[in-house]
file final.txt (compact mmCIF, C-alpha atoms (C1' of nucleotides))
# COMPACT_ATOMS: atom_id res chain seq x y z
CA MET A 19 0.43 5.75 6.72
CA ILE A 20 -0.26 5.50 10.42
CA TYR A 21 -1.65 2.24 11.71
CA GLU A 22 -2.73 2.11 15.28
CA PRO A 23 -1.94 -1.44 16.30
CA ASN A 24 -4.99 -1.26 18.50
CA GLN A 25 -4.64 -4.79 19.85
CA CYS A 26 -5.63 -6.18 16.48
CA PRO A 27 -3.30 -8.71 14.85
CA ILE A 28 -4.32 -7.75 11.34
CA ARG A 29 -3.69 -4.09 11.94
CA PHE A 30 -0.33 -5.00 13.43
CA GLY A 31 0.57 -7.02 10.37
CA LEU A 32 -0.55 -4.29 8.02
CA GLY A 33 1.59 -1.82 9.91
CA VAL A 34 4.61 -3.90 9.00
CA PHE A 35 3.88 -5.15 5.49
CA GLY A 36 0.57 -3.59 4.53
CA ASP A 37 1.82 -1.64 1.55
CA ARG A 38 2.30 -2.50 -2.07
CA TRP A 39 5.91 -3.60 -1.91
CA SER A 40 7.00 -4.98 1.45
CA LEU A 41 5.48 -8.43 0.96
CA LEU A 42 7.13 -8.69 -2.45
CA ILE A 43 10.49 -7.91 -0.92
CA ILE A 44 9.89 -10.56 1.73
CA ARG A 45 8.85 -12.99 -1.00
CA ASP A 46 12.08 -12.30 -2.88
CA LEU A 47 14.09 -13.00 0.25
CA MET A 48 12.17 -16.18 1.04
CA PHE A 49 11.74 -17.79 -2.32
CA ARG A 50 14.00 -16.16 -4.84
CA GLY A 51 17.28 -15.87 -3.04
CA SER A 52 17.44 -12.10 -3.38
CA THR A 53 19.87 -10.49 -0.99
CA ARG A 54 21.06 -7.27 -2.63
CA PHE A 55 19.49 -3.96 -3.55
CA ARG A 56 19.71 -4.71 -7.22
CA ASP A 57 18.19 -8.16 -6.79
CA PHE A 58 14.96 -6.60 -5.58
CA LEU A 59 14.94 -4.03 -8.34
CA ASP A 60 15.29 -6.77 -10.95
CA ALA A 61 12.86 -9.18 -9.27
CA ASP A 62 9.83 -6.92 -9.18
CA GLU A 63 10.40 -4.75 -12.13
CA GLY A 64 8.32 -1.80 -11.15
CA ILE A 65 9.56 -0.70 -7.76
CA SER A 66 11.53 2.51 -7.86
CA THR A 67 14.81 2.97 -6.06
CA ASN A 68 13.57 5.52 -3.57
CA VAL A 69 10.63 3.36 -2.54
CA LEU A 70 12.81 0.25 -2.34
CA SER A 71 15.26 2.12 -0.16
CA ASP A 72 12.46 3.30 2.07
CA ARG A 73 10.87 -0.14 2.38
CA LEU A 74 14.17 -1.86 3.16
CA SER A 75 14.87 0.52 5.99
CA ARG A 76 11.31 0.22 7.29
CA LEU A 77 11.52 -3.56 7.23
CA GLU A 78 14.81 -3.33 9.06
CA THR A 79 13.27 -0.99 11.62
CA HIS A 80 10.47 -3.49 12.16
CA GLY A 81 13.00 -6.26 12.63
CA ILE A 82 11.92 -8.24 9.58
CA ILE A 83 15.24 -8.05 7.81
CA SER A 84 18.86 -7.46 8.76
CA ARG A 85 21.42 -5.56 6.80
CA ARG A 86 25.17 -5.83 6.60
CA ARG A 87 27.94 -4.85 4.28
CA ASP A 88 29.43 -7.57 2.15
CA GLN A 89 32.88 -8.53 3.39
CA ALA A 90 34.20 -9.47 -0.04
CA ASP A 91 32.84 -6.38 -1.80
CA GLY A 92 32.45 -3.28 0.31
CA ARG A 93 30.09 -1.68 -2.17
CA GLN A 94 27.42 -4.23 -1.65
CA VAL A 95 24.91 -4.56 1.15
CA ARG A 96 23.40 -7.91 2.00
CA TYR A 97 19.88 -8.21 3.30
CA GLN A 98 18.42 -11.28 4.93
CA LEU A 99 15.35 -12.29 6.84
CA THR A 100 15.42 -12.32 10.60
CA ASP A 101 13.57 -15.00 12.55
CA LYS A 102 10.68 -12.60 12.76
CA GLY A 103 10.71 -12.36 8.99
CA LYS A 104 11.01 -16.09 8.49
CA ASP A 105 8.04 -16.57 10.78
CA LEU A 106 5.93 -14.99 8.06
CA LEU A 107 6.35 -18.18 6.07
CA PRO A 108 2.95 -19.58 7.10
CA VAL A 109 1.29 -16.38 5.97
CA MET A 110 3.01 -16.55 2.62
CA LEU A 111 2.26 -20.22 2.11
CA THR A 112 -1.43 -19.88 2.93
CA MET A 113 -1.52 -17.15 0.33
CA PHE A 114 0.05 -19.64 -2.06
CA ALA A 115 -2.74 -22.12 -1.45
CA TRP A 116 -5.39 -19.46 -1.84
CA ALA A 117 -3.97 -18.17 -5.10
CA GLU A 118 -3.59 -21.69 -6.43
CA ARG A 119 -7.31 -22.17 -5.95
CA TYR A 120 -8.49 -18.91 -7.44
CA ASP A 121 -5.87 -17.78 -9.93
CA PRO A 122 -5.42 -20.00 -12.97
CA GLU A 123 -2.16 -18.24 -13.79
CA THR A 124 -0.51 -18.83 -10.46
CA ARG A 125 2.32 -21.29 -10.69
CA VAL A 126 1.82 -23.32 -7.55
CA SER A 127 1.19 -27.01 -7.95
CA GLY A 128 -2.02 -28.52 -6.67
CA GLU A 129 -0.01 -31.01 -4.66
CA LEU A 130 1.85 -28.25 -2.84
CA ALA A 131 -1.38 -26.35 -2.22
CA ASP A 132 -2.97 -29.45 -0.73
CA ARG A 133 -0.05 -30.07 1.54
CA ILE A 134 -0.16 -26.47 2.69
CA ARG A 135 -3.82 -26.91 3.56
CA THR A 136 -3.47 -30.20 5.35
CA ASP A 137 -0.01 -30.03 6.90
CA LEU A 138 1.24 -26.49 6.91
CA SER A 139 3.85 -26.89 9.61
CA ALA A 140 5.57 -29.71 7.71
CA VAL A 141 5.78 -27.62 4.54
CA CYS A 142 7.10 -24.72 6.59
CA GLY A 143 9.82 -26.95 7.94
CA GLU A 144 10.88 -28.01 4.48
CA ALA A 145 10.82 -24.48 3.14
CA LEU A 146 12.88 -23.29 6.07
CA ALA A 147 15.46 -25.99 5.46
CA ALA A 148 15.57 -25.10 1.79
CA MET A 149 16.12 -21.45 2.68
CA GLU A 150 19.07 -22.37 4.86
CA ASN A 151 20.70 -24.37 2.10
CA ALA A 152 19.73 -22.22 -0.81
CA ASP A 153 22.04 -19.34 -1.51
CA ARG A 154 20.72 -17.77 -4.62
CA ILE A 155 18.67 -20.87 -5.34
CA PRO A 156 14.99 -20.13 -5.63
CA VAL A 157 12.96 -22.11 -3.12
CA LEU A 158 9.61 -22.10 -4.84
CA PRO A 159 10.44 -24.46 -7.72
CA LEU A 160 11.81 -26.79 -5.11
CA LEU A 161 8.62 -26.77 -3.08
CA ASN A 162 6.71 -27.24 -6.28
CA GLY A 163 8.70 -30.37 -7.02
CA GLU A 164 10.16 -28.82 -10.14
CA MET A 165 13.72 -29.45 -8.98
CA ASP A 166 15.25 -32.59 -7.60
CA ASP A 167 16.89 -32.52 -4.20
CA ALA A 168 20.34 -32.48 -5.76
CA GLY A 169 19.68 -28.87 -6.62
CA VAL A 170 19.29 -27.89 -3.00
CA ASP A 171 22.70 -28.65 -1.69
CA PRO A 172 25.30 -29.12 -4.42
CA ALA A 173 27.87 -30.02 -1.77
CA ARG A 174 25.92 -33.15 -1.04
CA ALA A 175 25.97 -34.40 -4.62
CA MET B 21 -2.11 0.46 -8.58
CA ILE B 22 -1.49 -2.07 -11.30
CA TYR B 23 -0.32 -5.49 -10.26
CA GLU B 24 0.69 -7.88 -12.94
CA PRO B 25 -0.34 -11.25 -11.54
CA ASN B 26 2.68 -12.66 -13.32
CA GLN B 27 2.11 -16.22 -12.18
CA CYS B 28 3.09 -15.25 -8.66
CA PRO B 29 0.65 -16.09 -5.86
CA ILE B 30 1.79 -13.20 -3.70
CA ARG B 31 1.34 -10.69 -6.48
CA PHE B 32 -2.08 -12.14 -7.12
CA GLY B 33 -3.02 -11.77 -3.49
CA LEU B 34 -1.72 -8.24 -3.34
CA GLY B 35 -3.75 -7.37 -6.40
CA VAL B 36 -6.87 -8.27 -4.44
CA PHE B 37 -6.14 -7.10 -0.91
CA GLY B 38 -2.72 -5.47 -1.06
CA ASP B 39 -3.80 -2.04 0.06
CA ARG B 40 -4.23 -0.45 3.42
CA TRP B 41 -7.91 -1.20 3.93
CA SER B 42 -9.15 -4.29 2.11
CA LEU B 43 -7.82 -6.76 4.67
CA LEU B 44 -9.41 -4.75 7.48
CA ILE B 45 -12.76 -4.89 5.72
CA ILE B 46 -12.36 -8.64 5.31
CA ARG B 47 -11.41 -8.90 8.98
CA ASP B 48 -14.56 -7.03 9.96
CA LEU B 49 -16.66 -9.40 7.89
CA MET B 50 -14.93 -12.47 9.30
CA PHE B 51 -14.53 -11.67 12.95
CA ARG B 52 -16.65 -8.70 13.85
CA GLY B 53 -19.94 -9.43 12.20
CA SER B 54 -19.88 -6.25 10.12
CA THR B 55 -22.27 -6.33 7.21
CA ARG B 56 -23.23 -2.73 6.46
CA PHE B 57 -21.45 0.33 5.16
CA ARG B 58 -21.62 2.03 8.51
CA ASP B 59 -20.33 -1.02 10.35
CA PHE B 60 -17.04 -0.75 8.50
CA LEU B 61 -16.80 2.98 9.07
CA ASP B 62 -17.25 2.48 12.80
CA ALA B 63 -15.02 -0.59 13.04
CA ASP B 64 -11.85 0.96 11.63
CA GLU B 65 -12.21 4.54 12.59
CA GLY B 66 -9.99 6.08 10.00
CA ILE B 67 -11.25 4.88 6.67
CA SER B 68 -13.01 7.56 4.72
CA THR B 69 -16.30 7.02 2.96
CA ASN B 70 -14.97 7.40 -0.56
CA VAL B 71 -12.20 4.89 0.02
CA LEU B 72 -14.56 2.48 1.74
CA SER B 73 -16.94 2.73 -1.17
CA ASP B 74 -14.13 2.09 -3.60
CA ARG B 75 -12.74 -0.88 -1.67
CA LEU B 76 -16.15 -2.50 -1.28
CA SER B 77 -16.78 -2.36 -5.00
CA ARG B 78 -13.28 -3.61 -5.76
CA LEU B 79 -13.70 -6.52 -3.37
CA GLU B 80 -17.01 -7.28 -5.03
CA THR B 81 -15.39 -7.13 -8.45
CA HIS B 82 -12.75 -9.58 -7.25
CA GLY B 83 -15.45 -11.90 -5.96
CA ILE B 84 -14.41 -11.60 -2.31
CA ILE B 85 -17.69 -10.16 -1.09
CA SER B 86 -21.27 -10.10 -2.29
CA ARG B 87 -23.70 -7.24 -1.98
CA ARG B 88 -27.47 -7.08 -1.74
CA ARG B 89 -30.08 -4.68 -0.58
CA ASP B 90 -31.68 -5.37 2.74
CA GLN B 91 -35.22 -6.69 2.29
CA ALA B 92 -36.51 -5.20 5.52
CA ASP B 93 -34.93 -1.78 5.02
CA GLY B 94 -34.38 -0.68 1.44
CA ARG B 95 -31.84 1.94 2.42
CA GLN B 96 -29.36 -0.57 3.69
CA VAL B 97 -26.97 -2.72 1.74
CA ARG B 98 -25.67 -5.97 3.19
CA TYR B 99 -22.22 -7.22 2.42
CA GLN B 100 -20.99 -10.72 3.08
CA LEU B 101 -18.02 -12.88 2.29
CA THR B 102 -18.17 -15.24 -0.65
CA ASP B 103 -16.50 -18.65 -0.47
CA LYS B 104 -13.49 -17.06 -2.08
CA GLY B 105 -13.43 -14.52 0.71
CA LYS B 106 -13.94 -17.10 3.43
CA ASP B 107 -11.03 -19.06 2.01
CA LEU B 108 -8.78 -16.25 3.18
CA LEU B 109 -9.35 -17.48 6.73
CA PRO B 110 -6.03 -19.41 6.85
CA VAL B 111 -4.18 -16.28 5.77
CA MET B 112 -5.85 -14.23 8.46
CA LEU B 113 -5.29 -16.82 11.17
CA THR B 114 -1.60 -17.27 10.39
CA MET B 115 -1.32 -13.51 10.71
CA PHE B 116 -2.99 -13.89 14.11
CA ALA B 117 -0.35 -16.35 15.23
CA TRP B 118 2.46 -14.18 13.92
CA ALA B 119 1.18 -11.06 15.64
CA GLU B 120 0.62 -12.96 18.85
CA ARG B 121 4.31 -13.83 18.87
CA TYR B 122 5.69 -10.41 18.02
CA ASP B 123 3.17 -7.84 19.20
CA PRO B 124 2.67 -7.65 22.96
CA GLU B 125 -0.47 -5.58 22.43
CA THR B 126 -2.22 -8.04 20.17
CA ARG B 127 -5.17 -9.65 21.84
CA VAL B 128 -4.84 -13.21 20.66
CA SER B 129 -4.42 -15.88 23.29
CA GLY B 130 -1.30 -18.02 23.27
CA GLU B 131 -3.49 -21.10 23.23
CA LEU B 132 -5.22 -20.01 20.06
CA ALA B 133 -1.92 -19.08 18.45
CA ASP B 134 -0.51 -22.51 19.27
CA ARG B 135 -3.52 -24.27 17.82
CA ILE B 136 -3.23 -22.18 14.66
CA ARG B 137 0.40 -23.26 14.34
CA THR B 138 -0.17 -26.94 14.98
CA ASP B 139 -3.65 -27.57 13.61
CA LEU B 140 -4.70 -24.75 11.36
CA SER B 141 -7.39 -26.62 9.45
CA ALA B 142 -9.22 -27.52 12.66
CA VAL B 143 -9.26 -23.91 13.82
CA CYS B 144 -10.47 -22.86 10.38
CA GLY B 145 -13.33 -25.31 10.66
CA GLU B 146 -14.35 -23.90 14.02
CA ALA B 147 -14.08 -20.33 12.86
CA LEU B 148 -16.14 -21.11 9.78
CA ALA B 149 -18.84 -22.71 11.89
CA ALA B 150 -18.83 -19.72 14.21
CA MET B 151 -19.19 -17.40 11.22
CA GLU B 152 -22.23 -19.32 10.02
CA ASN B 153 -23.92 -19.08 13.38
CA ALA B 154 -22.79 -15.64 14.33
CA ASP B 155 -24.90 -12.82 13.05
CA ARG B 156 -23.45 -9.74 14.58
CA ILE B 157 -21.57 -11.85 17.09
CA PRO B 158 -17.84 -11.26 16.93
CA VAL B 159 -15.97 -14.47 16.24
CA LEU B 160 -12.58 -13.57 17.66
CA PRO B 161 -13.48 -13.56 21.36
CA LEU B 162 -15.04 -16.94 20.72
CA LEU B 163 -11.89 -18.35 19.20
CA ASN B 164 -9.95 -16.84 22.04
CA GLY B 165 -12.09 -18.70 24.51
CA GLU B 166 -13.42 -15.45 25.96
CA MET B 167 -17.03 -16.49 25.37
CA ASP B 168 -18.76 -19.71 26.20
CA ASP B 169 -20.38 -21.71 23.44
CA ALA B 170 -23.83 -20.55 24.50
CA GLY B 171 -22.98 -17.25 22.94
CA VAL B 172 -22.58 -18.75 19.51
CA ASP B 173 -26.04 -20.01 18.88
CA PRO B 174 -28.63 -18.66 21.28
CA ALA B 175 -31.27 -20.84 19.63
CA ARG B 176 -29.47 -23.86 21.01
CA ALA B 177 -29.57 -22.68 24.60
C1' DA C 23 48.11 7.14 -9.77
C1' DA C 24 44.25 8.41 -12.51
C1' DT C 25 39.97 6.98 -14.72
C1' DA C 26 36.13 4.32 -15.28
C1' DA C 27 32.62 1.25 -13.61
C1' DT C 28 29.53 -0.58 -10.14
C1' DA C 29 26.37 -0.67 -6.02
C1' DA C 30 23.51 1.63 -3.12
C1' DC C 31 21.39 4.98 -2.38
C1' DT C 32 19.30 10.47 -2.40
C1' DT C 33 17.02 14.40 -4.49
C1' DG C 34 13.53 16.91 -7.38
C1' DC C 35 9.46 17.00 -9.64
C1' DA C 36 5.10 15.54 -11.99
C1' DT C 37 1.37 12.32 -11.23
C1' DT C 38 -1.56 9.58 -8.50
C1' DT C 39 -3.75 8.36 -4.32
C1' DC C 40 -5.67 9.64 0.02
C1' DA C 41 -8.14 12.03 4.02
C1' DC C 42 -11.40 15.20 5.22
C1' DA C 43 -15.54 17.83 4.68
C1' DA C 44 -19.55 18.59 2.40
C1' DG C 45 -23.29 17.43 -0.60
C1' DT C 46 -26.63 14.08 -3.09
C1' DC C 47 -30.26 10.66 -3.45
C1' DA C 48 -33.32 7.06 -2.14
C1' DT C 49 -35.82 5.14 1.56
C1' DT C 50 -37.96 5.14 6.12
C1' DA C 51 -39.68 7.26 10.46
C1' DT C 52 -42.56 11.02 12.65
C1' DA D 3 -45.10 16.95 4.75
C1' DT D 4 -40.79 17.02 7.19
C1' DA D 5 -37.09 15.14 9.13
C1' DA D 6 -33.81 11.48 9.66
C1' DT D 7 -31.05 7.65 8.09
C1' DG D 8 -27.97 4.89 5.04
C1' DA D 9 -25.08 4.67 1.29
C1' DC D 10 -22.79 6.74 -1.26
C1' DT D 11 -20.43 10.96 -4.62
C1' DT D 12 -17.91 15.20 -5.26
C1' DG D 13 -14.57 18.56 -4.32
C1' DT D 14 -9.95 19.99 -2.38
C1' DG D 15 -5.52 20.02 -0.10
C1' DA D 16 -2.00 16.78 1.70
C1' DA D 17 0.63 12.76 1.23
C1' DA D 18 2.64 8.90 -1.28
C1' DT D 19 4.45 7.19 -5.63
C1' DG D 20 6.97 6.78 -10.13
C1' DC D 21 10.49 8.45 -12.90
C1' DA D 22 14.80 10.58 -14.06
C1' DA D 23 18.88 12.34 -12.60
C1' DG D 24 22.52 13.07 -9.31
C1' DT D 25 25.67 11.60 -5.23
C1' DT D 26 28.94 8.80 -2.59
C1' DA D 27 31.82 4.96 -1.61
C1' DT D 28 34.19 1.14 -3.21
C1' DT D 29 36.34 -1.75 -6.71
C1' DA D 30 38.29 -2.65 -11.37
C1' DT D 31 41.18 -1.00 -15.27
C1' DT D 32 44.99 1.41 -17.56

call {"tool": "encode", "arguments": {"input": "final.txt", "output": "structure tokens"}}
result
Amino acid sequence: MIYEPNQCPIRFGLGVFGDRWSLLIIRDLMFRGSTRFRDFLDADEGISTNVLSDRLSRLETHGIISRRRDQADGRQVRYQLTDKGKDLLPVMLTMFAWAERYDPETRVSGELADRIRTDLSAVCGEALAAMENADRIPVLPLLNGEMDDAGVDPARA
Amino acid sequence: MIYEPNQCPIRFGLGVFGDRWSLLIIRDLMFRGSTRFRDFLDADEGISTNVLSDRLSRLETHGIISRRRDQADGRQVRYQLTDKGKDLLPVMLTMFAWAERYDPETRVSGELADRIRTDLSAVCGEALAAMENADRIPVLPLLNGEMDDAGVDPARA
DNA sequence: AATAATAACTTGCATTTCACAAGTCATTAT
DNA sequence: ATAATGACTTGTGAAATGCAAGTTATTATT
């Protein structure tokens, strides 16, 4: 699995998340509020523990995620996206719009897909804000308009 | 390599191009003017013929590329992106912008990256137009401003 | 204080995928 | 007629993956 970056942006990207699982882990962090080892195992039923362990440490090495022990419970490790990881949001969202167009099963609303196509940076801003607020609250339903804003920040209600 | 689409846009995307080579093949078609089997072999030195063969037929099965025999030379097969494949342009370009920010080696100009971030659809339009015109003319240098417009359509000069 | 439970891994092994080299087959050039 | 080219296909060993089981550290229970 050796990618020569070779001055090519696509090759560089693939070197970081060009395997079967890394993007799913990033997705879980972005949109599903996953932060712990077990969260990822449960989210994509299919990944095995050794591969998950390997991918988490690779993503950390590449600076996509950070890792720290939970203060309250010393057994647990918390993972979260770095800025570099969060900056993959546009890539993820354009994939959303593409899948919405070509996969009938994909659960992304046409409205969201259109906004991604016409005003990506605005949607990114909203998603980013939702990620800040949301602790364990999945962001995707929110973007899809399936939740009202009250769900984002309970403290505000 | 079984991806359950599972209503998730990322999973759907990965099912189509979530391996080490498919995105590079798409890149070659989009930005490097590759159309033949050998073009891809030469472009990403590293892919082996059996894997290339497999990926090309998978991409065809997924409707990303089309395939036809060359009229002039019956030995050759020409591959080209379908609309579904061309619609991956926003995904590729957002990867450009991301790599530009985090990979010092990546050869994408800061100007292009900024335009991708602020006005993606416009850049997509330009790239698409360049792809129409360009037969064997690499599109990336054009987007990067490394070529003058005369290079795009020699007939116009 | 001892025992059990939980979280995050690591290890071993069978299966699958991959890279590399070589060979096949149809078409075109000499 | 012979050679060369383009697009593959077929083996084979190496690497990656999936699965089950085991390990370690920390927390909960008795």

call {"tool": "residues_near_point", "arguments": {"input": "final.txt", "point": "(-35.5, 7.2, 6.0)", "cutoff": "12 Å", "atoms": "only C-alpha atoms (C1' of nucleotides)", "output": "list in words"}}
result
Asp93, Gly94, Arg95 and Gln96 of chain B; DC47, DA48, DT49, DT50, DA51 and DT52 of chain C; DT4, DA5, DA6, DT7, DG8 and DA9 of chain D

call {"tool": "calpha_fit_and_write", "arguments": {"input": "final.txt", "fixed": "chain B", "moving": "chain A", "output": "short mmCIF file (atom, residue, chain, number, x, y, z; two decimals) with C-alpha atoms, in the coordinates of the input"}}
result
data_model
loop_
_atom_site.label_atom_id
_atom_site.label_comp_id
_atom_site.auth_asym_id
_atom_site.auth_seq_id
_atom_site.Cartn_x
_atom_site.Cartn_y
_atom_site.Cartn_z
CA MET A 19 -2.09 0.48 -8.55
CA ILE A 20 -1.49 -2.05 -11.28
CA TYR A 21 -0.30 -5.48 -10.24
CA GLU A 22 0.70 -7.86 -12.93
CA PRO A 23 -0.31 -11.22 -11.54
CA ASN A 24 2.71 -12.62 -13.31
CA GLN A 25 2.13 -16.20 -12.18
CA CYS A 26 3.11 -15.24 -8.66
CA PRO A 27 0.67 -16.08 -5.85
CA ILE A 28 1.81 -13.20 -3.68
CA ARG A 29 1.37 -10.68 -6.44
CA PHE A 30 -2.06 -12.13 -7.11
CA GLY A 31 -3.01 -11.76 -3.47
CA LEU A 32 -1.70 -8.22 -3.31
CA GLY A 33 -3.73 -7.35 -6.37
CA VAL A 34 -6.84 -8.24 -4.42
CA PHE A 35 -6.12 -7.08 -0.88
CA GLY A 36 -2.71 -5.45 -1.03
CA ASP A 37 -3.79 -2.00 0.06
CA ARG A 38 -4.25 -0.39 3.42
CA TRP A 39 -7.92 -1.15 3.91
CA SER A 40 -9.15 -4.26 2.12
CA LEU A 41 -7.81 -6.74 4.67
CA LEU A 42 -9.41 -4.73 7.47
CA ILE A 43 -12.75 -4.88 5.72
CA ILE A 44 -12.35 -8.63 5.31
CA ARG A 45 -11.39 -8.89 8.98
CA ASP A 46 -14.54 -7.01 9.96
CA LEU A 47 -16.65 -9.39 7.90
CA MET A 48 -14.93 -12.47 9.30
CA PHE A 49 -14.52 -11.66 12.94
CA ARG A 50 -16.64 -8.70 13.85
CA GLY A 51 -19.93 -9.41 12.20
CA SER A 52 -19.87 -6.24 10.12
CA THR A 53 -22.26 -6.34 7.20
CA ARG A 54 -23.23 -2.73 6.46
CA PHE A 55 -21.46 0.34 5.15
CA ARG A 56 -21.66 2.04 8.48
CA ASP A 57 -20.34 -1.00 10.32
CA PHE A 58 -17.05 -0.71 8.47
CA LEU A 59 -16.84 3.01 9.03
CA ASP A 60 -17.29 2.51 12.77
CA ALA A 61 -15.03 -0.55 13.00
CA ASP A 62 -11.88 0.99 11.59
CA GLU A 63 -12.27 4.55 12.54
CA GLY A 64 -10.05 6.13 9.98
CA ILE A 65 -11.29 4.95 6.62
CA SER A 66 -13.08 7.63 4.66
CA THR A 67 -16.36 7.05 2.90
CA ASN A 68 -15.03 7.43 -0.61
CA VAL A 69 -12.23 4.94 -0.02
CA LEU A 70 -14.58 2.50 1.72
CA SER A 71 -16.97 2.75 -1.20
CA ASP A 72 -14.15 2.13 -3.63
CA ARG A 73 -12.76 -0.84 -1.70
CA LEU A 74 -16.16 -2.49 -1.31
CA SER A 75 -16.78 -2.35 -5.01
CA ARG A 76 -13.27 -3.59 -5.78
CA LEU A 77 -13.69 -6.49 -3.38
CA GLU A 78 -17.00 -7.27 -5.02
CA THR A 79 -15.38 -7.12 -8.45
CA HIS A 80 -12.73 -9.56 -7.27
CA GLY A 81 -15.42 -11.88 -5.96
CA ILE A 82 -14.39 -11.59 -2.32
CA ILE A 83 -17.67 -10.16 -1.12
CA SER A 84 -21.26 -10.09 -2.30
CA ARG A 85 -23.68 -7.24 -2.00
CA ARG A 86 -27.43 -7.12 -1.75
CA ARG A 87 -30.10 -4.76 -0.60
CA ASP A 88 -31.70 -5.48 2.73
CA GLN A 89 -35.22 -6.81 2.29
CA ALA A 90 -36.52 -5.33 5.53
CA ASP A 91 -34.96 -1.90 5.02
CA GLY A 92 -34.44 -0.81 1.45
CA ARG A 93 -31.95 1.85 2.44
CA GLN A 94 -29.43 -0.62 3.67
CA VAL A 95 -27.00 -2.75 1.73
CA ARG A 96 -25.69 -5.98 3.18
CA TYR A 97 -22.22 -7.22 2.42
CA GLN A 98 -20.96 -10.71 3.08
CA LEU A 99 -17.99 -12.86 2.27
CA THR A 100 -18.14 -15.22 -0.65
CA ASP A 101 -16.47 -18.63 -0.48
CA LYS A 102 -13.46 -17.04 -2.08
CA GLY A 103 -13.41 -14.51 0.73
CA LYS A 104 -13.90 -17.09 3.43
CA ASP A 105 -11.01 -19.06 1.99
CA LEU A 106 -8.76 -16.25 3.18
CA LEU A 107 -9.32 -17.48 6.72
CA PRO A 108 -6.03 -19.40 6.85
CA VAL A 109 -4.17 -16.29 5.78
CA MET A 110 -5.83 -14.25 8.47
CA LEU A 111 -5.28 -16.84 11.17
CA THR A 112 -1.59 -17.29 10.39
CA MET A 113 -1.30 -13.54 10.73
CA PHE A 114 -2.96 -13.92 14.12
CA ALA A 115 -0.32 -16.39 15.23
CA TRP A 116 2.48 -14.21 13.94
CA ALA A 117 1.19 -11.10 15.66
CA GLU A 118 0.64 -13.00 18.88
CA ARG A 119 4.32 -13.88 18.88
CA TYR A 120 5.71 -10.48 18.04
CA ASP A 121 3.20 -7.90 19.24
CA PRO A 122 2.69 -7.72 22.99
CA GLU A 123 -0.45 -5.65 22.47
CA THR A 124 -2.20 -8.09 20.20
CA ARG A 125 -5.15 -9.72 21.85
CA VAL A 126 -4.83 -13.28 20.67
CA SER A 127 -4.40 -15.95 23.29
CA GLY A 128 -1.30 -18.10 23.29
CA GLU A 129 -3.48 -21.19 23.22
CA LEU A 130 -5.22 -20.06 20.04
CA ALA A 131 -1.90 -19.14 18.44
CA ASP A 132 -0.52 -22.58 19.23
CA ARG A 133 -3.51 -24.31 17.78
CA ILE A 134 -3.22 -22.22 14.65
CA ARG A 135 0.39 -23.31 14.31
CA THR A 136 -0.17 -26.97 14.95
CA ASP A 137 -3.65 -27.61 13.56
CA LEU A 138 -4.70 -24.78 11.33
CA SER A 139 -7.38 -26.63 9.41
CA ALA A 140 -9.22 -27.55 12.62
CA VAL A 141 -9.25 -23.94 13.79
CA CYS A 142 -10.44 -22.87 10.36
CA GLY A 143 -13.31 -25.30 10.64
CA GLU A 144 -14.36 -23.92 13.98
CA ALA A 145 -14.08 -20.33 12.84
CA LEU A 146 -16.13 -21.11 9.76
CA ALA A 147 -18.84 -22.70 11.87
CA ALA A 148 -18.83 -19.72 14.19
CA MET A 149 -19.19 -17.39 11.21
CA GLU A 150 -22.23 -19.30 10.02
CA ASN A 151 -23.92 -19.05 13.39
CA ALA A 152 -22.77 -15.62 14.35
CA ASP A 153 -24.91 -12.81 13.06
CA ARG A 154 -23.44 -9.72 14.55
CA ILE A 155 -21.55 -11.81 17.08
CA PRO A 156 -17.83 -11.25 16.92
CA VAL A 157 -15.97 -14.47 16.22
CA LEU A 158 -12.59 -13.58 17.63
CA PRO A 159 -13.49 -13.59 21.34
CA LEU A 160 -15.04 -16.96 20.72
CA LEU A 161 -11.89 -18.38 19.18
CA ASN A 162 -9.95 -16.86 22.01
CA GLY A 163 -12.10 -18.74 24.50
CA GLU A 164 -13.41 -15.51 25.95
CA MET A 165 -17.02 -16.52 25.36
CA ASP A 166 -18.75 -19.75 26.20
CA ASP A 167 -20.45 -21.72 23.46
CA ALA A 168 -23.86 -20.52 24.59
CA GLY A 169 -22.98 -17.21 23.03
CA VAL A 170 -22.61 -18.71 19.60
CA ASP A 171 -26.08 -19.93 18.98
CA PRO A 172 -28.65 -18.46 21.36
CA ALA A 173 -31.32 -20.67 19.79
CA ARG A 174 -29.56 -23.67 21.20
CA ALA A 175 -29.61 -22.42 24.78
#

call {"tool": "closest_atom_pairs", "arguments": {"input": "final.txt", "of": "chain A", "to": "chain C", "cutoff": "8 Å", "atoms": "all atoms listed in the file", "output": "CSV"}}
result
residue,atom,partner,partner_atom,distance
A:Phe55,CA,C:DA30,C1',6.9
A:Arg56,CA,C:DA29,C1',7.9
A:Thr67,CA,C:DC31,C1',7.8
A:Asn68,CA,C:DT32,C1',7.7
A:Ser71,CA,C:DC31,C1',7.1
A:Arg93,CA,C:DA29,C1',5.4
A:Gln94,CA,C:DA29,C1',5.7
A:Val95,CA,C:DA30,C1',7.6

call {"tool": "atom_distance", "arguments": {"input": "final.txt", "atom1": "CA of Phe32 in chain B", "atom2": "CA of Pro108 in chain A"}}
result
16.8 Å

call {"tool": "atom_distance", "arguments": {"input": "final.txt", "atom1": "CA of Gly165 in chain B", "atom2": "CA of Lys102 in chain A"}}
result
26.3 Å

call {"tool": "atom_distance", "arguments": {"input": "final.txt", "atom1": "CA of Asp90 in chain B", "atom2": "CA of Gly53 in chain B"}}
result
15.6 Å

call {"tool": "closest_residue", "arguments": {"input": "final.txt", "among": "B:Val111, B:Met151, B:Ala142, B:Val128", "to": "Ile30 in chain B", "atoms": "all atoms listed in the file"}}
result
B:Val111
